[in-house]
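Novice: Pasting a structure here, questions to come.
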Amino acid sequence: MQTSKTLFNPAVFAYTLYVKFSDRRYWLLPLLLVIVPSFGIVISFVFPHAALNDEAKKMIAKVVHGYILQPTVYLLLGYIFISDGPASGKIVAESDTLALLFTRPLTRFCYVISRYLAAVLGTSVFMFAAILLAYLVGLCYGVPYIDIGLLTIASIILNAASWCSLIIVLHSAPPLVAFLTLFTLIGCGGVGSIYSQVEQSKNVFLELLKTISLFVDEWFGDFLPSSVDLVAMTAASAFDTYEFAIFISNIAFFLLIAAFALSCREFSYGSD
Amino acid sequence: MKAVDNACFEVQEGEVFGLIGPNGAGKTTIFGCLLALTQPSAGTIKIDGMSPFDLDVKSQLGFLPERPCFNRWMTIKQFLAYHHWIAGRPASERESEIKRVLALVELDIDINRRKVKEMSRGMLQRVGIAQALIGHPRIFFLDEPTSGMDPLGFILIRKLLLKCKEDGMTIVLNSHHLNEVEKVCDRIAFIRKGKIEEVANVAALSEVRQVLNVSWLAGVNESTALEAAAESTGCKLLETTGETAKFAVSGNEKAADIIASLTASGLRVYASHFERRELVELFLNAPEPESGGGGSKHAN
(Lines give C-alpha, C1' and ligand atoms only; values in the text may rest on other atoms or scores of the structure.)
Protein backbone atom coordinates (compact mmCIF):
# COMPACT_ATOMS: atom_id res chain seq x y z
CA MET A 1 0.00 0.00 0.00
CA GLN A 2 2.84 2.32 0.80
CA THR A 3 4.66 1.67 -2.46
CA SER A 4 2.11 3.60 -4.47
CA LYS A 5 2.30 6.43 -1.97
CA THR A 6 6.06 6.66 -2.40
CA LEU A 7 6.12 6.91 -6.18
CA PHE A 8 3.58 9.51 -7.15
CA ASN A 9 1.56 12.13 -5.34
CA PRO A 10 -1.42 13.57 -7.25
CA ALA A 11 -1.56 16.67 -5.04
CA VAL A 12 2.02 17.68 -5.81
CA PHE A 13 1.45 16.85 -9.48
CA ALA A 14 -1.72 18.92 -9.72
CA TYR A 15 -0.35 21.90 -7.85
CA THR A 16 2.82 21.96 -9.94
CA LEU A 17 0.88 21.60 -13.16
CA TYR A 18 -2.01 24.02 -12.96
CA VAL A 19 -2.97 25.51 -9.63
CA LYS A 20 -0.58 28.45 -9.81
CA PHE A 21 -2.17 29.48 -13.12
CA SER A 22 -5.19 30.66 -11.19
CA ASP A 23 -3.00 33.76 -10.80
CA ARG A 24 -3.12 35.36 -14.23
CA ARG A 25 0.41 36.78 -13.95
CA TYR A 26 1.83 33.27 -14.38
CA TRP A 27 0.28 33.06 -17.84
CA LEU A 28 2.32 35.93 -19.25
CA LEU A 29 5.65 34.24 -19.96
CA PRO A 30 4.22 30.91 -21.21
CA LEU A 31 1.84 32.73 -23.55
CA LEU A 32 4.66 34.85 -24.88
CA LEU A 33 6.66 31.70 -25.58
CA VAL A 34 3.63 30.15 -27.29
CA ILE A 35 3.22 33.01 -29.76
CA VAL A 36 6.91 33.53 -30.60
CA PRO A 37 7.07 31.14 -33.63
CA SER A 38 3.75 32.38 -35.03
CA PHE A 39 4.87 35.95 -34.51
CA GLY A 40 8.00 35.12 -36.52
CA ILE A 41 5.89 33.83 -39.41
CA VAL A 42 3.62 36.85 -39.32
CA ILE A 43 6.60 39.22 -39.31
CA SER A 44 8.15 37.49 -42.31
CA PHE A 45 4.94 37.99 -44.28
CA VAL A 46 3.76 41.46 -43.24
CA PHE A 47 6.74 43.28 -44.72
CA PRO A 48 6.74 43.71 -48.52
CA HIS A 49 8.53 40.81 -50.13
CA ALA A 50 8.73 38.89 -53.34
CA ALA A 51 6.49 35.84 -53.70
CA LEU A 52 8.00 32.98 -51.68
CA ASN A 53 8.84 29.81 -53.48
CA ASP A 54 8.53 26.35 -51.95
CA GLU A 55 12.15 26.34 -50.85
CA ALA A 56 11.67 29.55 -48.86
CA LYS A 57 8.50 28.18 -47.29
CA LYS A 58 10.32 25.00 -46.32
CA MET A 59 13.03 27.14 -44.79
CA ILE A 60 10.40 28.96 -42.68
CA ALA A 61 9.01 25.58 -41.57
CA LYS A 62 12.53 24.43 -40.67
CA VAL A 63 13.14 27.53 -38.58
CA VAL A 64 9.83 27.00 -36.77
CA HIS A 65 10.74 23.36 -36.23
CA GLY A 66 14.05 24.54 -34.73
CA TYR A 67 12.03 26.16 -31.97
CA ILE A 68 11.31 22.75 -30.43
CA LEU A 69 15.04 22.27 -29.94
CA GLN A 70 15.69 25.53 -28.09
CA PRO A 71 16.91 24.84 -24.52
CA THR A 72 16.06 28.38 -23.36
CA VAL A 73 12.36 27.89 -24.08
CA TYR A 74 12.23 24.60 -22.16
CA LEU A 75 14.25 26.04 -19.30
CA LEU A 76 11.91 29.02 -18.98
CA LEU A 77 8.78 26.89 -19.12
CA GLY A 78 10.25 24.31 -16.74
CA TYR A 79 11.13 27.13 -14.38
CA ILE A 80 7.55 28.41 -14.43
CA PHE A 81 6.23 25.01 -13.43
CA ILE A 82 8.85 23.82 -11.00
CA SER A 83 9.74 27.00 -9.14
CA ASP A 84 7.99 27.77 -5.88
CA GLY A 85 6.42 30.77 -7.54
CA PRO A 86 8.04 32.63 -10.41
CA ALA A 87 7.01 35.92 -8.84
CA SER A 88 9.47 35.26 -6.03
CA GLY A 89 12.19 34.60 -8.60
CA LYS A 90 13.37 31.52 -6.73
CA ILE A 91 14.03 28.24 -8.42
CA VAL A 92 15.56 26.53 -5.40
CA ALA A 93 12.80 25.25 -3.15
CA GLU A 94 12.59 27.16 0.10
CA SER A 95 13.56 25.04 3.08
CA ASP A 96 10.67 26.25 5.20
CA THR A 97 8.06 25.45 2.58
CA LEU A 98 9.50 22.02 1.96
CA ALA A 99 9.89 21.31 5.66
CA LEU A 100 6.17 21.69 6.17
CA LEU A 101 5.45 19.55 3.12
CA PHE A 102 7.66 16.70 4.30
CA THR A 103 5.85 16.45 7.61
CA ARG A 104 3.01 15.13 5.46
CA PRO A 105 2.88 11.53 4.19
CA LEU A 106 5.07 12.32 1.21
CA THR A 107 8.49 10.88 0.43
CA ARG A 108 11.15 13.08 -1.10
CA PHE A 109 11.52 10.80 -4.10
CA CYS A 110 7.79 11.00 -4.67
CA TYR A 111 7.95 14.79 -4.48
CA VAL A 112 10.71 14.94 -7.11
CA ILE A 113 8.97 12.53 -9.49
CA SER A 114 5.52 14.12 -9.14
CA ARG A 115 6.84 17.62 -9.63
CA TYR A 116 9.04 16.58 -12.53
CA LEU A 117 6.26 14.75 -14.38
CA ALA A 118 3.95 17.73 -13.95
CA ALA A 119 6.61 20.06 -15.33
CA VAL A 120 7.28 17.80 -18.31
CA LEU A 121 3.59 17.60 -19.11
CA GLY A 122 3.03 21.34 -18.67
CA THR A 123 6.09 22.29 -20.71
CA SER A 124 5.12 19.85 -23.47
CA VAL A 125 1.59 21.23 -23.65
CA PHE A 126 2.80 24.82 -24.05
CA MET A 127 5.44 23.81 -26.61
CA PHE A 128 2.91 21.83 -28.61
CA ALA A 129 0.53 24.78 -28.43
CA ALA A 130 3.30 26.98 -29.85
CA ILE A 131 3.92 24.62 -32.77
CA LEU A 132 0.22 24.07 -33.40
CA LEU A 133 -0.39 27.81 -33.46
CA ALA A 134 2.54 28.28 -35.83
CA TYR A 135 1.12 25.51 -38.03
CA LEU A 136 -2.28 27.21 -38.20
CA VAL A 137 -0.75 30.64 -38.85
CA GLY A 138 1.50 29.02 -41.46
CA LEU A 139 -1.54 27.55 -43.20
CA CYS A 140 -3.12 31.00 -43.32
CA TYR A 141 -0.02 32.33 -45.09
CA GLY A 142 0.27 29.31 -47.40
CA VAL A 143 3.08 27.52 -45.57
CA PRO A 144 1.91 23.93 -45.18
CA TYR A 145 5.28 22.39 -44.29
CA ILE A 146 5.37 22.90 -40.51
CA ASP A 147 5.49 19.45 -38.97
CA ILE A 148 3.07 18.63 -36.18
CA GLY A 149 3.33 14.87 -36.53
CA LEU A 150 3.89 12.24 -33.90
CA LEU A 151 7.67 12.49 -34.13
CA THR A 152 7.53 16.22 -33.45
CA ILE A 153 5.27 15.66 -30.47
CA ALA A 154 7.58 12.91 -29.19
CA SER A 155 10.58 15.22 -29.64
CA ILE A 156 8.82 17.95 -27.65
CA ILE A 157 8.08 15.54 -24.80
CA LEU A 158 11.63 14.16 -24.78
CA ASN A 159 13.18 17.63 -24.84
CA ALA A 160 10.88 18.77 -22.06
CA ALA A 161 11.91 15.67 -20.09
CA SER A 162 15.57 16.47 -20.72
CA TRP A 163 15.61 20.14 -19.75
CA CYS A 164 13.15 19.79 -16.88
CA SER A 165 15.50 17.21 -15.36
CA LEU A 166 18.08 19.99 -15.01
CA ILE A 167 15.51 22.33 -13.47
CA ILE A 168 14.40 19.70 -10.95
CA VAL A 169 18.03 19.23 -9.86
CA LEU A 170 18.38 22.97 -9.31
CA HIS A 171 15.08 22.98 -7.41
CA SER A 172 15.98 20.08 -5.15
CA ALA A 173 19.57 20.84 -4.27
CA PRO A 174 20.65 23.29 -1.60
CA PRO A 175 21.18 26.76 -3.13
CA LEU A 176 24.99 26.56 -3.21
CA VAL A 177 25.01 23.08 -4.76
CA ALA A 178 22.40 24.21 -7.28
CA PHE A 179 24.54 27.15 -8.30
CA LEU A 180 27.68 25.02 -8.58
CA THR A 181 25.85 22.41 -10.65
CA LEU A 182 24.57 25.05 -13.00
CA PHE A 183 27.96 26.72 -13.21
CA THR A 184 29.80 23.47 -13.87
CA LEU A 185 27.40 22.00 -16.38
CA ILE A 186 26.30 25.04 -18.31
CA GLY A 187 29.25 27.34 -17.71
CA CYS A 188 32.16 25.00 -18.35
CA GLY A 189 30.30 22.95 -20.94
CA GLY A 190 29.22 26.05 -22.81
CA VAL A 191 32.55 27.79 -22.65
CA GLY A 192 34.29 24.59 -23.68
CA SER A 193 32.07 24.30 -26.72
CA ILE A 194 32.65 27.92 -27.69
CA TYR A 195 36.38 27.75 -27.16
CA SER A 196 36.67 24.60 -29.19
CA GLN A 197 35.52 26.73 -32.15
CA VAL A 198 38.06 29.46 -31.47
CA GLU A 199 41.41 29.42 -33.16
CA GLN A 200 44.57 29.36 -31.11
CA SER A 201 45.06 32.58 -29.19
CA LYS A 202 48.31 34.25 -28.29
CA ASN A 203 46.90 35.22 -24.92
CA VAL A 204 48.31 32.72 -22.41
CA PHE A 205 45.42 33.23 -19.96
CA LEU A 206 42.81 32.61 -22.65
CA GLU A 207 44.64 29.50 -23.78
CA LEU A 208 44.75 28.21 -20.21
CA LEU A 209 41.06 28.93 -19.78
CA LYS A 210 40.34 27.18 -23.05
CA THR A 211 42.32 24.12 -21.98
CA ILE A 212 40.51 23.91 -18.67
CA SER A 213 37.13 24.41 -20.30
CA LEU A 214 37.78 21.83 -22.96
CA PHE A 215 38.93 19.39 -20.29
CA VAL A 216 35.73 19.94 -18.28
CA ASP A 217 33.63 19.79 -21.42
CA GLU A 218 35.29 16.51 -22.35
CA TRP A 219 34.49 15.04 -18.97
CA PHE A 220 31.11 16.60 -18.27
CA GLY A 221 29.88 17.33 -21.77
CA ASP A 222 28.07 14.03 -22.12
CA PHE A 223 26.25 14.63 -18.85
CA LEU A 224 24.67 17.84 -20.04
CA PRO A 225 20.99 17.74 -20.89
CA SER A 226 20.48 18.13 -24.60
CA SER A 227 17.75 18.33 -27.20
CA VAL A 228 16.80 15.62 -29.65
CA ASP A 229 15.06 15.91 -32.99
CA LEU A 230 13.42 12.59 -33.75
CA VAL A 231 12.30 13.87 -37.14
CA ALA A 232 15.92 14.44 -38.17
CA MET A 233 17.17 11.32 -36.44
CA THR A 234 14.71 9.04 -38.18
CA ALA A 235 15.32 10.78 -41.49
CA ALA A 236 19.04 10.00 -41.19
CA SER A 237 20.31 6.85 -42.81
CA ALA A 238 20.91 5.19 -39.44
CA PHE A 239 19.22 6.05 -36.18
CA ASP A 240 21.95 7.00 -33.69
CA THR A 241 21.09 4.60 -30.89
CA TYR A 242 24.17 5.52 -28.89
CA GLU A 243 23.30 9.22 -28.84
CA PHE A 244 19.71 8.42 -27.92
CA ALA A 245 20.83 6.11 -25.10
CA ILE A 246 23.03 8.87 -23.66
CA PHE A 247 20.11 11.28 -23.90
CA ILE A 248 17.79 8.94 -21.95
CA SER A 249 20.42 7.97 -19.39
CA ASN A 250 21.15 11.66 -18.72
CA ILE A 251 17.51 12.21 -17.81
CA ALA A 252 17.57 9.26 -15.42
CA PHE A 253 20.90 10.45 -14.01
CA PHE A 254 19.58 13.96 -13.33
CA LEU A 255 16.43 12.61 -11.70
CA LEU A 256 18.52 10.45 -9.40
CA ILE A 257 20.71 13.43 -8.54
CA ALA A 258 17.61 15.48 -7.75
CA ALA A 259 16.14 12.75 -5.53
CA PHE A 260 19.48 12.21 -3.83
CA ALA A 261 20.07 15.94 -3.28
CA LEU A 262 16.64 16.37 -1.75
CA SER A 263 17.05 13.30 0.44
CA CYS A 264 20.33 14.67 1.77
CA ARG A 265 18.85 18.06 2.62
CA GLU A 266 18.19 18.52 6.27
CA PHE A 267 15.37 20.90 6.86
CA SER A 268 15.38 23.51 9.49
CA TYR A 269 12.18 25.48 9.73
CA GLY A 270 13.14 27.87 12.50
CA SER A 271 15.64 28.62 15.18
CA ASP A 272 15.74 27.54 18.76
CA MET B 1 29.13 22.37 17.81
CA LYS B 2 26.53 20.25 19.54
CA ALA B 3 22.95 20.23 18.29
CA VAL B 4 21.24 18.27 21.08
CA ASP B 5 23.10 15.48 22.83
CA ASN B 6 21.25 12.95 24.87
CA ALA B 7 17.71 14.22 25.12
CA CYS B 8 15.41 11.45 26.30
CA PHE B 9 11.69 11.65 26.99
CA GLU B 10 8.40 9.89 26.44
CA VAL B 11 5.04 11.43 25.64
CA GLN B 12 1.90 9.57 26.65
CA GLU B 13 -1.05 9.28 24.31
CA GLY B 14 -3.60 12.04 24.88
CA GLU B 15 -1.38 14.29 26.96
CA VAL B 16 -0.15 17.81 26.32
CA PHE B 17 3.61 17.81 26.63
CA GLY B 18 5.59 21.04 26.79
CA LEU B 19 9.21 21.40 25.80
CA ILE B 20 10.78 24.49 27.33
CA GLY B 21 14.31 25.75 27.37
CA PRO B 22 16.48 28.70 26.43
CA ASN B 23 17.50 29.58 22.89
CA GLY B 24 19.96 27.05 21.51
CA ALA B 25 18.81 24.31 23.87
CA GLY B 26 17.96 22.05 20.94
CA LYS B 27 14.17 22.22 21.00
CA THR B 28 13.74 22.91 17.31
CA THR B 29 16.29 20.21 16.40
CA ILE B 30 14.34 17.74 18.53
CA PHE B 31 11.19 18.78 16.69
CA GLY B 32 13.06 18.31 13.40
CA CYS B 33 13.96 14.75 14.43
CA LEU B 34 10.44 13.97 15.62
CA LEU B 35 9.03 15.23 12.33
CA ALA B 36 11.58 13.28 10.23
CA LEU B 37 13.06 16.46 8.81
CA THR B 38 16.44 15.63 10.30
CA GLN B 39 18.03 12.24 10.68
CA PRO B 40 19.53 11.72 14.16
CA SER B 41 23.14 10.56 14.05
CA ALA B 42 22.52 8.31 17.07
CA GLY B 43 19.66 7.16 19.23
CA THR B 44 16.14 6.12 18.33
CA ILE B 45 12.81 7.87 17.98
CA LYS B 46 9.56 5.96 17.97
CA ILE B 47 6.10 7.32 17.45
CA ASP B 48 3.43 4.69 18.07
CA GLY B 49 6.27 2.18 17.86
CA MET B 50 7.19 3.30 14.35
CA SER B 51 9.91 5.45 12.85
CA PRO B 52 8.99 9.12 12.30
CA PHE B 53 9.88 8.54 8.63
CA ASP B 54 7.05 6.00 8.33
CA LEU B 55 4.27 7.41 6.16
CA ASP B 56 1.64 5.89 8.44
CA VAL B 57 3.04 8.02 11.26
CA LYS B 58 3.16 11.11 9.10
CA SER B 59 -0.45 10.68 8.06
CA GLN B 60 -1.43 11.14 11.70
CA LEU B 61 0.60 14.29 12.32
CA GLY B 62 -0.25 17.94 12.30
CA PHE B 63 2.56 20.46 12.54
CA LEU B 64 2.71 24.19 13.09
CA PRO B 65 6.17 25.58 12.32
CA GLU B 66 7.67 28.47 14.24
CA ARG B 67 7.83 30.68 11.17
CA PRO B 68 4.79 30.31 8.94
CA CYS B 69 6.67 30.25 5.63
CA PHE B 70 4.05 29.02 3.18
CA ASN B 71 3.76 29.16 -0.60
CA ARG B 72 3.11 32.85 -1.02
CA TRP B 73 1.31 32.60 -4.34
CA MET B 74 -1.43 30.35 -3.01
CA THR B 75 -4.78 31.53 -1.77
CA ILE B 76 -5.70 30.36 1.71
CA LYS B 77 -8.17 27.90 0.22
CA GLN B 78 -5.61 26.48 -2.17
CA PHE B 79 -3.09 26.19 0.63
CA LEU B 80 -5.44 24.33 2.95
CA ALA B 81 -6.78 22.15 0.13
CA TYR B 82 -3.21 21.28 -0.86
CA HIS B 83 -2.36 20.07 2.62
CA HIS B 84 -5.64 18.20 2.90
CA TRP B 85 -4.88 16.43 -0.36
CA ILE B 86 -1.25 15.65 0.50
CA ALA B 87 -2.42 14.29 3.84
CA GLY B 88 -4.31 11.72 1.78
CA ARG B 89 -7.79 12.72 2.93
CA PRO B 90 -10.82 12.13 0.69
CA ALA B 91 -11.63 14.89 -1.78
CA SER B 92 -15.32 14.72 -0.86
CA GLU B 93 -14.51 16.07 2.62
CA ARG B 94 -12.23 18.87 1.46
CA GLU B 95 -14.65 21.80 1.41
CA SER B 96 -16.24 20.95 4.75
CA GLU B 97 -12.87 20.28 6.34
CA ILE B 98 -11.53 23.67 5.23
CA LYS B 99 -14.60 25.34 6.73
CA ARG B 100 -14.19 23.38 9.95
CA VAL B 101 -10.53 24.29 10.52
CA LEU B 102 -11.09 27.94 9.61
CA ALA B 103 -13.90 28.06 12.15
CA LEU B 104 -11.63 26.48 14.77
CA VAL B 105 -9.08 29.28 14.40
CA GLU B 106 -11.88 31.85 14.20
CA LEU B 107 -11.13 32.98 10.67
CA ASP B 108 -13.94 34.09 8.43
CA ILE B 109 -14.64 31.79 5.48
CA ASP B 110 -14.23 34.80 3.15
CA ILE B 111 -10.53 34.76 3.91
CA ASN B 112 -10.33 31.77 1.58
CA ARG B 113 -9.91 34.02 -1.43
CA ARG B 114 -7.02 35.99 0.02
CA LYS B 115 -3.45 35.07 -0.77
CA VAL B 116 -0.90 33.89 1.75
CA LYS B 117 1.33 36.86 0.94
CA GLU B 118 -1.44 39.29 1.87
CA MET B 119 -1.81 37.99 5.41
CA SER B 120 -0.43 39.59 8.56
CA ARG B 121 1.88 37.61 10.85
CA GLY B 122 -0.84 36.84 13.37
CA MET B 123 -3.32 35.81 10.67
CA LEU B 124 -0.69 33.60 9.08
CA GLN B 125 -0.18 31.90 12.40
CA ARG B 126 -3.90 31.11 12.51
CA VAL B 127 -3.78 29.79 8.97
CA GLY B 128 -0.80 27.67 10.01
CA ILE B 129 -2.78 26.19 12.87
CA ALA B 130 -5.71 25.52 10.54
CA GLN B 131 -3.31 23.73 8.21
CA ALA B 132 -1.98 21.62 11.07
CA LEU B 133 -5.47 20.65 12.20
CA ILE B 134 -6.69 19.68 8.77
CA GLY B 135 -7.62 16.02 8.45
CA HIS B 136 -8.07 15.37 12.19
CA PRO B 137 -4.46 14.56 13.16
CA ARG B 138 -3.91 12.39 16.24
CA ILE B 139 -0.60 13.99 17.13
CA PHE B 140 -0.12 17.71 17.03
CA PHE B 141 3.30 19.39 17.09
CA LEU B 142 3.37 23.12 17.73
CA ASP B 143 6.49 25.24 17.65
CA GLU B 144 5.90 28.61 19.27
CA PRO B 145 2.17 28.66 18.53
CA THR B 146 1.59 32.14 19.95
CA SER B 147 4.43 33.71 18.01
CA GLY B 148 3.28 36.99 16.43
CA MET B 149 -0.17 36.77 17.96
CA ASP B 150 -2.09 39.42 19.86
CA PRO B 151 -3.65 38.73 23.30
CA LEU B 152 -6.83 37.49 21.64
CA GLY B 153 -4.70 35.06 19.70
CA PHE B 154 -3.16 33.81 22.95
CA ILE B 155 -6.62 33.08 24.33
CA LEU B 156 -7.64 31.40 21.10
CA ILE B 157 -4.61 29.10 21.16
CA ARG B 158 -5.26 28.19 24.76
CA LYS B 159 -8.91 27.40 24.07
CA LEU B 160 -7.99 25.45 20.97
CA LEU B 161 -5.35 23.35 22.68
CA LEU B 162 -7.66 22.54 25.54
CA LYS B 163 -10.32 21.48 23.04
CA CYS B 164 -7.82 19.31 21.17
CA LYS B 165 -6.84 17.76 24.48
CA GLU B 166 -10.49 17.05 25.23
CA ASP B 167 -10.77 15.36 21.85
CA GLY B 168 -7.93 13.02 22.86
CA MET B 169 -5.23 14.52 20.69
CA THR B 170 -1.61 14.12 21.78
CA ILE B 171 0.08 17.52 21.74
CA VAL B 172 3.77 18.35 21.85
CA LEU B 173 4.37 22.02 22.40
CA ASN B 174 7.52 24.11 22.21
CA SER B 175 7.16 27.62 23.56
CA HIS B 176 8.91 30.47 25.30
CA HIS B 177 5.64 31.69 26.80
CA LEU B 178 5.94 29.67 29.97
CA ASN B 179 2.73 30.91 31.51
CA GLU B 180 0.83 29.75 28.45
CA VAL B 181 2.64 26.41 28.54
CA GLU B 182 1.67 25.99 32.17
CA LYS B 183 -1.99 26.63 31.45
CA VAL B 184 -2.33 23.88 28.87
CA CYS B 185 0.37 21.29 29.52
CA ASP B 186 0.06 18.13 31.57
CA ARG B 187 3.82 17.67 31.75
CA ILE B 188 6.78 19.86 30.98
CA ALA B 189 10.33 18.93 30.03
CA PHE B 190 13.05 21.41 30.89
CA ILE B 191 15.79 21.20 28.30
CA ARG B 192 19.15 22.88 28.37
CA LYS B 193 22.18 22.25 26.14
CA GLY B 194 20.52 19.21 24.66
CA LYS B 195 19.86 17.54 27.99
CA ILE B 196 16.46 17.04 29.54
CA GLU B 197 17.02 18.32 33.05
CA GLU B 198 13.66 17.38 34.38
CA VAL B 199 10.28 16.19 33.22
CA ALA B 200 7.77 17.63 35.63
CA ASN B 201 4.08 17.10 36.13
CA VAL B 202 2.45 20.54 35.99
CA ALA B 203 -0.03 19.72 38.77
CA ALA B 204 2.79 18.57 41.05
CA LEU B 205 4.88 21.52 40.00
CA SER B 206 2.31 23.97 41.32
CA GLU B 207 2.87 22.46 44.79
CA VAL B 208 6.64 22.87 44.56
CA ARG B 209 6.24 26.36 43.27
CA GLN B 210 5.01 27.82 46.55
CA VAL B 211 7.41 30.14 48.28
CA LEU B 212 7.14 30.94 51.99
CA ASN B 213 8.24 34.45 52.79
CA VAL B 214 9.16 34.82 56.49
CA SER B 215 10.04 38.07 58.38
CA TRP B 216 11.44 38.33 61.89
CA LEU B 217 12.72 40.84 64.38
CA ALA B 218 16.49 41.28 64.46
CA GLY B 219 18.19 39.59 67.37
CA VAL B 220 19.59 36.07 67.28
CA ASN B 221 21.99 34.53 64.74
CA GLU B 222 19.62 34.22 61.83
CA SER B 223 21.81 32.27 59.43
CA THR B 224 22.19 29.30 61.79
CA ALA B 225 18.44 29.26 62.46
CA LEU B 226 17.57 29.50 58.77
CA GLU B 227 19.94 26.71 57.76
CA ALA B 228 18.68 24.51 60.58
CA ALA B 229 15.07 25.11 59.52
CA ALA B 230 15.88 24.31 55.91
CA GLU B 231 17.73 21.14 56.85
CA SER B 232 15.15 19.83 59.28
CA THR B 233 12.22 20.37 56.92
CA GLY B 234 14.00 19.51 53.68
CA CYS B 235 12.88 22.80 52.12
CA LYS B 236 15.30 24.86 50.07
CA LEU B 237 16.34 28.27 51.40
CA LEU B 238 16.01 30.46 48.34
CA GLU B 239 17.27 33.83 49.55
CA THR B 240 17.70 36.06 52.59
CA THR B 241 17.40 39.84 52.56
CA GLY B 242 17.90 41.58 55.91
CA GLU B 243 15.30 40.17 58.27
CA THR B 244 13.38 38.34 55.55
CA ALA B 245 13.92 34.89 54.02
CA LYS B 246 12.27 32.85 51.29
CA PHE B 247 11.86 29.06 51.38
CA ALA B 248 10.65 26.80 48.60
CA VAL B 249 7.89 24.76 50.20
CA SER B 250 5.57 22.04 48.97
CA GLY B 251 2.53 22.66 51.16
CA ASN B 252 1.06 24.07 54.35
CA GLU B 253 2.57 21.33 56.54
CA LYS B 254 6.08 22.21 55.50
CA ALA B 255 5.39 25.92 55.98
CA ALA B 256 4.20 25.25 59.54
CA ASP B 257 7.31 23.13 60.20
CA ILE B 258 9.60 25.93 59.03
CA ILE B 259 7.93 28.54 61.24
CA ALA B 260 8.06 26.15 64.21
CA SER B 261 11.74 25.43 63.59
CA LEU B 262 12.62 29.13 63.30
CA THR B 263 10.69 29.96 66.47
CA ALA B 264 12.37 27.07 68.31
CA SER B 265 15.74 28.51 67.27
CA GLY B 266 14.77 31.75 68.99
CA LEU B 267 13.87 33.75 65.89
CA ARG B 268 10.97 36.12 66.64
CA VAL B 269 8.84 35.58 63.53
CA TYR B 270 6.27 38.34 63.18
CA ALA B 271 4.98 37.74 59.64
CA SER B 272 4.81 35.04 56.99
CA HIS B 273 2.98 34.65 53.69
CA PHE B 274 2.99 32.54 50.55
CA GLU B 275 4.32 33.84 47.28
CA ARG B 276 3.86 32.22 43.92
CA ARG B 277 7.02 31.54 41.93
CA GLU B 278 6.74 31.87 38.23
CA LEU B 279 7.67 28.89 36.10
CA VAL B 280 10.42 30.91 34.52
CA GLU B 281 12.00 31.46 37.94
CA LEU B 282 12.06 27.73 38.58
CA PHE B 283 13.58 27.22 35.20
CA LEU B 284 16.25 29.87 35.69
CA ASN B 285 17.20 28.53 39.10
CA ALA B 286 17.70 25.01 37.79
CA PRO B 287 21.36 24.00 37.97
CA GLU B 288 23.39 23.96 34.74
CA PRO B 289 23.89 20.43 33.41
CA GLU B 290 27.35 18.99 33.20
CA SER B 291 28.61 19.01 29.62
CA GLY B 292 28.35 15.57 28.05
CA GLY B 293 29.98 13.83 25.10
CA GLY B 294 30.50 15.39 21.75
CA GLY B 295 27.74 13.57 19.89
CA SER B 296 25.16 15.40 17.94
CA LYS B 297 21.45 15.04 17.42
CA HIS B 298 21.12 12.19 19.87
CA ALA B 299 17.58 11.51 20.75
CA ASN B 300 16.16 8.54 22.59
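The way I read the labels, and the way they are meant: chains A, B, ... in the order of the C-alpha coordinates, residue 1 as the first residue of every chain, and ligand 1 as the first ligand shown, with later ones counted on from there.
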Please, which residues of chain B lie no more than 7 Å from chain A when the count uses only C-alpha atoms, and can they be set out as a list in words?

Specialist: Asn23, Gly24, Ala25, Gly26, Lys27, Thr28, Gly32, Leu35, Leu37, Thr38, Leu55, Lys58, Ser59, Pro65, Glu66, Arg67, Cys69, Phe70, Asn71, Trp73, Tyr82, Trp85, Ile86 and Ala87 of chain B

Novice: With only C-alpha atoms as the counted atoms, please give the residues lying no more than 9 Å from Ala160 of chain A, apart from itself and same-chain residues fewer than 4 positions off, as a ChimeraX atom specification.

Specialist: /A:71,74-75,77-78,119-124,127,155-156,164-165,227

Novice: Near Thr152 of chain A, within 7 Å and counting only C-alpha atoms, which residues show up once chain neighbours fewer than 5 positions away are dropped, as an MDAnalysis selection string?

Specialist: chainID A and resid 147 230:231

Novice: Which value, in Å to one decimal, gives the distance between atom CA of Gln70 of chain A and atom CA of Ile246 of chain A?

Specialist: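 Separation between atom CA of Gln70 of chain A and atom CA of Ile246 of chain A: 18.7 Å.
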
Novice: Can you check which residues of segment 69-262 of chain B DSSP gives as strand (DSSP E or B) on the backbone and send them as a PyMOL selection string?

Specialist: chain B and resi 75+115+139-143+170-174+187-192+195-201+210-217+236-241+244-249

Novice: In Å, with one decimal, what is the gap from atom CA of Arg113 of chain B to atom CA of Asp143 of chain B?

Specialist: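 Atom-to-atom, atom CA of Arg113 of chain B to atom CA of Asp143 of chain B, that is 26.6 Å.
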